[in-house]
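Engineer: Contents are mmCIF, N, CA and C atoms; file name query_11.cif:
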data_model
loop_
_atom_site.group_PDB
_atom_site.id
_atom_site.type_symbol
_atom_site.label_atom_id
_atom_site.label_comp_id
_atom_site.auth_asym_id
_atom_site.auth_seq_id
_atom_site.Cartn_x
_atom_site.Cartn_y
_atom_site.Cartn_z
ATOM 1 N N MET X 1 -3.260 24.967 19.560
ATOM 2 C CA MET X 1 -3.794 25.158 18.236
ATOM 3 C C MET X 1 -5.058 24.319 18.069
ATOM 4 N N GLU X 2 -5.060 23.102 18.608
ATOM 5 C CA GLU X 2 -6.246 22.254 18.476
ATOM 6 C C GLU X 2 -7.449 22.859 19.184
ATOM 7 N N LEU X 3 -7.230 23.472 20.341
ATOM 8 C CA LEU X 3 -8.340 24.116 21.049
ATOM 9 C C LEU X 3 -8.932 25.243 20.210
ATOM 10 N N TYR X 4 -8.088 25.959 19.518
ATOM 11 C CA TYR X 4 -8.533 27.059 18.654
ATOM 12 C C TYR X 4 -9.343 26.522 17.470
ATOM 13 N N ILE X 5 -8.809 25.527 16.781
ATOM 14 C CA ILE X 5 -9.468 24.974 15.607
ATOM 15 C C ILE X 5 -10.806 24.333 15.981
ATOM 16 N N THR X 6 -10.881 23.692 17.141
ATOM 17 C CA THR X 6 -12.123 23.039 17.553
ATOM 18 C C THR X 6 -13.067 23.996 18.277
ATOM 19 N N ASN X 7 -12.739 25.289 18.251
ATOM 20 C CA ASN X 7 -13.604 26.344 18.802
ATOM 21 C C ASN X 7 -13.821 26.206 20.311
ATOM 22 N N CYS X 8 -12.770 25.829 21.042
ATOM 23 C CA CYS X 8 -12.852 25.701 22.493
ATOM 24 C C CYS X 8 -12.372 26.962 23.220
ATOM 25 N N LEU X 9 -11.931 27.952 22.487
ATOM 26 C CA LEU X 9 -11.482 29.207 23.085
ATOM 27 C C LEU X 9 -12.539 30.278 22.848
ATOM 28 N N ASP X 10 -12.326 31.437 23.440
ATOM 29 C CA ASP X 10 -13.247 32.552 23.235
ATOM 30 C C ASP X 10 -12.999 33.266 21.916
ATOM 31 N N VAL X 11 -12.282 32.619 21.009
ATOM 32 C CA VAL X 11 -11.964 33.187 19.698
ATOM 33 C C VAL X 11 -12.391 32.179 18.647
ATOM 34 N N SER X 12 -13.227 32.609 17.731
ATOM 35 C CA SER X 12 -13.693 31.720 16.672
ATOM 36 C C SER X 12 -12.600 31.525 15.626
ATOM 37 N N PRO X 13 -12.400 30.311 15.134
ATOM 38 C CA PRO X 13 -11.388 30.065 14.096
ATOM 39 C C PRO X 13 -11.621 30.874 12.825
ATOM 40 N N GLU X 14 -12.864 31.242 12.560
ATOM 41 C CA GLU X 14 -13.147 32.032 11.365
ATOM 42 C C GLU X 14 -12.552 33.440 11.448
ATOM 43 N N ASN X 15 -12.176 33.875 12.635
ATOM 44 C CA ASN X 15 -11.602 35.210 12.803
ATOM 45 C C ASN X 15 -10.138 35.278 12.411
ATOM 46 N N GLY X 16 -9.454 34.147 12.313
ATOM 47 C CA GLY X 16 -8.072 34.138 11.862
ATOM 48 C C GLY X 16 -7.048 34.100 12.970
ATOM 49 N N LEU X 17 -5.814 33.840 12.564
ATOM 50 C CA LEU X 17 -4.719 33.702 13.526
ATOM 51 C C LEU X 17 -4.317 35.030 14.159
ATOM 52 N N THR X 18 -4.517 36.125 13.454
ATOM 53 C CA THR X 18 -4.185 37.429 14.044
ATOM 54 C C THR X 18 -5.086 37.713 15.233
ATOM 55 N N THR X 19 -6.355 37.374 15.122
ATOM 56 C CA THR X 19 -7.286 37.555 16.234
ATOM 57 C C THR X 19 -6.883 36.666 17.400
ATOM 58 N N LEU X 20 -6.490 35.433 17.105
ATOM 59 C CA LEU X 20 -6.016 34.541 18.166
ATOM 60 C C LEU X 20 -4.766 35.112 18.822
ATOM 61 N N ALA X 21 -3.855 35.651 18.031
ATOM 62 C CA ALA X 21 -2.632 36.253 18.578
ATOM 63 C C ALA X 21 -2.963 37.420 19.503
ATOM 64 N N ARG X 22 -3.914 38.246 19.104
ATOM 65 C CA ARG X 22 -4.332 39.373 19.964
ATOM 66 C C ARG X 22 -4.957 38.871 21.268
ATOM 67 N N PHE X 23 -5.777 37.811 21.167
ATOM 68 C CA PHE X 23 -6.401 37.203 22.343
ATOM 69 C C PHE X 23 -5.332 36.700 23.306
ATOM 70 N N LEU X 24 -4.345 35.984 22.782
ATOM 71 C CA LEU X 24 -3.269 35.451 23.623
ATOM 72 C C LEU X 24 -2.421 36.567 24.219
ATOM 73 N N TYR X 25 -2.181 37.623 23.442
ATOM 74 C CA TYR X 25 -1.420 38.774 23.931
ATOM 75 C C TYR X 25 -2.172 39.462 25.066
ATOM 76 N N LYS X 26 -3.459 39.673 24.852
ATOM 77 C CA LYS X 26 -4.288 40.358 25.850
ATOM 78 C C LYS X 26 -4.322 39.581 27.161
ATOM 79 N N ASN X 27 -4.321 38.267 27.060
ATOM 80 C CA ASN X 27 -4.375 37.421 28.251
ATOM 81 C C ASN X 27 -2.997 37.027 28.765
ATOM 82 N N GLU X 28 -1.963 37.668 28.218
ATOM 83 C CA GLU X 28 -0.576 37.476 28.650
ATOM 84 C C GLU X 28 -0.175 36.000 28.689
ATOM 85 N N LYS X 29 -0.442 35.294 27.598
ATOM 86 C CA LYS X 29 -0.127 33.870 27.526
ATOM 87 C C LYS X 29 1.294 33.606 27.051
ATOM 88 N N PHE X 30 1.917 34.566 26.383
ATOM 89 C CA PHE X 30 3.275 34.387 25.890
ATOM 90 C C PHE X 30 4.170 35.472 26.494
ATOM 91 N N LEU X 31 5.138 35.028 27.281
ATOM 92 C CA LEU X 31 6.058 35.958 27.923
ATOM 93 C C LEU X 31 7.495 35.556 27.615
ATOM 94 N N LYS X 32 8.378 36.556 27.557
ATOM 95 C CA LYS X 32 9.805 36.299 27.407
ATOM 96 C C LYS X 32 10.350 35.820 28.748
ATOM 97 N N ASN X 33 11.586 35.389 28.755
ATOM 98 C CA ASN X 33 12.220 34.935 29.997
ATOM 99 C C ASN X 33 12.285 36.032 31.051
ATOM 100 N N ASN X 34 12.351 37.296 30.607
ATOM 101 C CA ASN X 34 12.432 38.410 31.554
ATOM 102 C C ASN X 34 11.058 38.869 32.032
ATOM 103 N N GLY X 35 9.985 38.180 31.613
ATOM 104 C CA GLY X 35 8.644 38.502 32.080
ATOM 105 C C GLY X 35 7.872 39.470 31.201
ATOM 106 N N LYS X 36 8.532 40.055 30.195
ATOM 107 C CA LYS X 36 7.846 40.978 29.294
ATOM 108 C C LYS X 36 7.062 40.195 28.250
ATOM 109 N N GLN X 37 5.994 40.818 27.759
ATOM 110 C CA GLN X 37 5.166 40.162 26.753
ATOM 111 C C GLN X 37 5.852 40.119 25.394
ATOM 112 N N ILE X 38 5.557 39.058 24.642
ATOM 113 C CA ILE X 38 6.017 38.953 23.264
ATOM 114 C C ILE X 38 5.023 39.710 22.392
ATOM 115 N N ALA X 39 5.495 40.379 21.363
ATOM 116 C CA ALA X 39 4.654 41.195 20.484
ATOM 117 C C ALA X 39 3.611 40.354 19.759
ATOM 118 N N VAL X 40 2.485 40.973 19.442
ATOM 119 C CA VAL X 40 1.391 40.304 18.739
ATOM 120 C C VAL X 40 1.876 39.715 17.418
ATOM 121 N N ASN X 41 2.671 40.459 16.668
ATOM 122 C CA ASN X 41 3.147 39.969 15.370
ATOM 123 C C ASN X 41 4.038 38.736 15.515
ATOM 124 N N THR X 42 4.821 38.686 16.575
ATOM 125 C CA THR X 42 5.671 37.525 16.823
ATOM 126 C C THR X 42 4.809 36.317 17.163
ATOM 127 N N ILE X 43 3.793 36.515 17.985
ATOM 128 C CA ILE X 43 2.875 35.431 18.333
ATOM 129 C C ILE X 43 2.171 34.934 17.079
ATOM 130 N N ARG X 44 1.700 35.855 16.245
ATOM 131 C CA ARG X 44 1.004 35.481 15.005
ATOM 132 C C ARG X 44 1.910 34.660 14.098
ATOM 133 N N GLN X 45 3.160 35.083 13.964
ATOM 134 C CA GLN X 45 4.100 34.352 13.115
ATOM 135 C C GLN X 45 4.347 32.947 13.648
ATOM 136 N N GLU X 46 4.492 32.825 14.960
ATOM 137 C CA GLU X 46 4.691 31.505 15.565
ATOM 138 C C GLU X 46 3.468 30.622 15.337
ATOM 139 N N LEU X 47 2.272 31.173 15.477
ATOM 140 C CA LEU X 47 1.052 30.405 15.236
ATOM 141 C C LEU X 47 0.958 29.964 13.778
ATOM 142 N N THR X 48 1.356 30.848 12.867
ATOM 143 C CA THR X 48 1.347 30.512 11.441
ATOM 144 C C THR X 48 2.313 29.367 11.165
ATOM 145 N N ASP X 49 3.499 29.421 11.760
ATOM 146 C CA ASP X 49 4.484 28.353 11.578
ATOM 147 C C ASP X 49 3.962 27.022 12.134
ATOM 148 N N ILE X 50 3.325 27.068 13.296
ATOM 149 C CA ILE X 50 2.765 25.855 13.897
ATOM 150 C C ILE X 50 1.662 25.287 12.997
ATOM 151 N N ALA X 51 0.815 26.165 12.492
ATOM 152 C CA ALA X 51 -0.277 25.727 11.618
ATOM 153 C C ALA X 51 0.268 25.052 10.359
ATOM 154 N N LYS X 52 1.340 25.604 9.802
ATOM 155 C CA LYS X 52 1.955 25.002 8.617
ATOM 156 C C LYS X 52 2.544 23.638 8.942
ATOM 157 N N GLU X 53 3.267 23.549 10.056
ATOM 158 C CA GLU X 53 3.901 22.293 10.453
ATOM 159 C C GLU X 53 2.871 21.199 10.723
ATOM 160 N N CYS X 54 1.758 21.578 11.332
ATOM 161 C CA CYS X 54 0.721 20.601 11.691
ATOM 162 C C CYS X 54 -0.274 20.380 10.567
ATOM 163 N N ASP X 55 -0.115 21.124 9.483
ATOM 164 C CA ASP X 55 -0.983 21.021 8.314
ATOM 165 C C ASP X 55 -2.462 21.212 8.657
ATOM 166 N N PHE X 56 -2.735 22.220 9.515
ATOM 167 C CA PHE X 56 -4.114 22.554 9.853
ATOM 168 C C PHE X 56 -4.790 23.205 8.670
ATOM 169 N N LYS X 57 -6.022 22.821 8.426
ATOM 170 C CA LYS X 57 -6.800 23.434 7.361
ATOM 171 C C LYS X 57 -7.243 24.814 7.834
ATOM 172 N N ASN X 58 -7.102 25.797 6.971
ATOM 173 C CA ASN X 58 -7.499 27.157 7.302
ATOM 174 C C ASN X 58 -9.023 27.235 7.353
ATOM 175 N N PRO X 59 -9.604 27.544 8.536
ATOM 176 C CA PRO X 59 -11.059 27.576 8.654
ATOM 177 C C PRO X 59 -11.716 28.705 7.858
ATOM 178 N N ARG X 60 -10.940 29.669 7.435
ATOM 179 C CA ARG X 60 -11.496 30.776 6.651
ATOM 180 C C ARG X 60 -11.536 30.445 5.168
ATOM 181 N N GLY X 61 -10.959 29.316 4.797
ATOM 182 C CA GLY X 61 -10.990 28.885 3.404
ATOM 183 C C GLY X 61 -9.964 29.558 2.516
ATOM 184 N N LYS X 62 -9.044 30.313 3.105
ATOM 185 C CA LYS X 62 -8.004 30.995 2.323
ATOM 186 C C LYS X 62 -6.707 30.210 2.438
ATOM 187 N N LYS X 63 -5.885 30.290 1.412
ATOM 188 C CA LYS X 63 -4.587 29.633 1.467
ATOM 189 C C LYS X 63 -3.624 30.449 2.309
ATOM 190 N N ARG X 64 -2.800 29.724 3.080
ATOM 191 C CA ARG X 64 -1.720 30.388 3.824
ATOM 192 C C ARG X 64 -0.557 30.611 2.888
ATOM 193 N N LYS X 65 0.167 31.680 3.115
ATOM 194 C CA LYS X 65 1.338 32.002 2.284
ATOM 195 C C LYS X 65 2.532 31.209 2.732
#
How does the structure come out when it is put into structure tokens?
Structural biologist:
Amino acid sequence: MELYITNCLDVSPENGLTTLARFLYKNEKFLKNNGKQIAVNTIRQELTDIAKECDFKNPRGKKRK
């Protein structure tokens, strides 16, 4: 998450967590134990939960739900 917020990935923080989730899905960064990919929506939800727990400021200036 810190790499994303500090703009160290190929995804700008202004694009949002859904874009980051798609990037991670496309690059097969999250896999289940059986080797299959986790769905984009599941990745996005996990990223949202992490962002809430770490109290990251939303770079888009919108409040998280």
Engineer: With only C-alpha atoms as the counted atoms, please give the residues lying no more than 8 Å from Leu17 in chain X, apart from itself and same-chain residues fewer than 5 positions off, as a list in words.
Structural biologist: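 Non-adjacent residues within range: Arg44, Leu47 and Thr48 of chain X.
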Engineer: Hey, can you check how far CA of Leu31 in chain X sits from atom C of Ile50 in chain X?
Structural biologist: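 A separation of 18.9 Å between them.
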Engineer: In Å, how far is it from CA of Ala21 in chain X to CA of Gln45 in chain X?
Structural biologist: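 That distance, rounded to one decimal, is 8.9 Å.
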Engineer: Figure out the distance between CA of Lys36 in chain X and CA of Glu53 in chain X, please, to one decimal in Å.
Structural biologist: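 Separation between CA of Glu53 in chain X and CA of Lys36 in chain X: 26.8 Å.
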Engineer: Let me have the centre and edge lengths of the axis-aligned box enclosing all listed atoms of range 28-39 of chain X with 6 Å padding on every side, in Å to one decimal, as AutoDock Vina command-line options.
Structural biologist:
--center_x 5.2 --center_y 37.4 --center_z 25.9 --size_x 26.4 --size_y 19.6 --size_z 24.3
Engineer: Counting only C-alpha atoms, note down every residue that has an atom within 12 Å of the point (-4.0, 40.6, 22.0) (file coordinates), as a list in words.
Structural biologist: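 Selection result: Val11, Leu17, Thr18, Thr19, Leu20, Ala21, Arg22, Phe23, Leu24, Tyr25, Lys26, Asn27, Glu28, Lys29, Phe30, Gln37, Ile38, Ala39, Val40, Asn41, Thr42, Ile43 and Arg44 of chain X.
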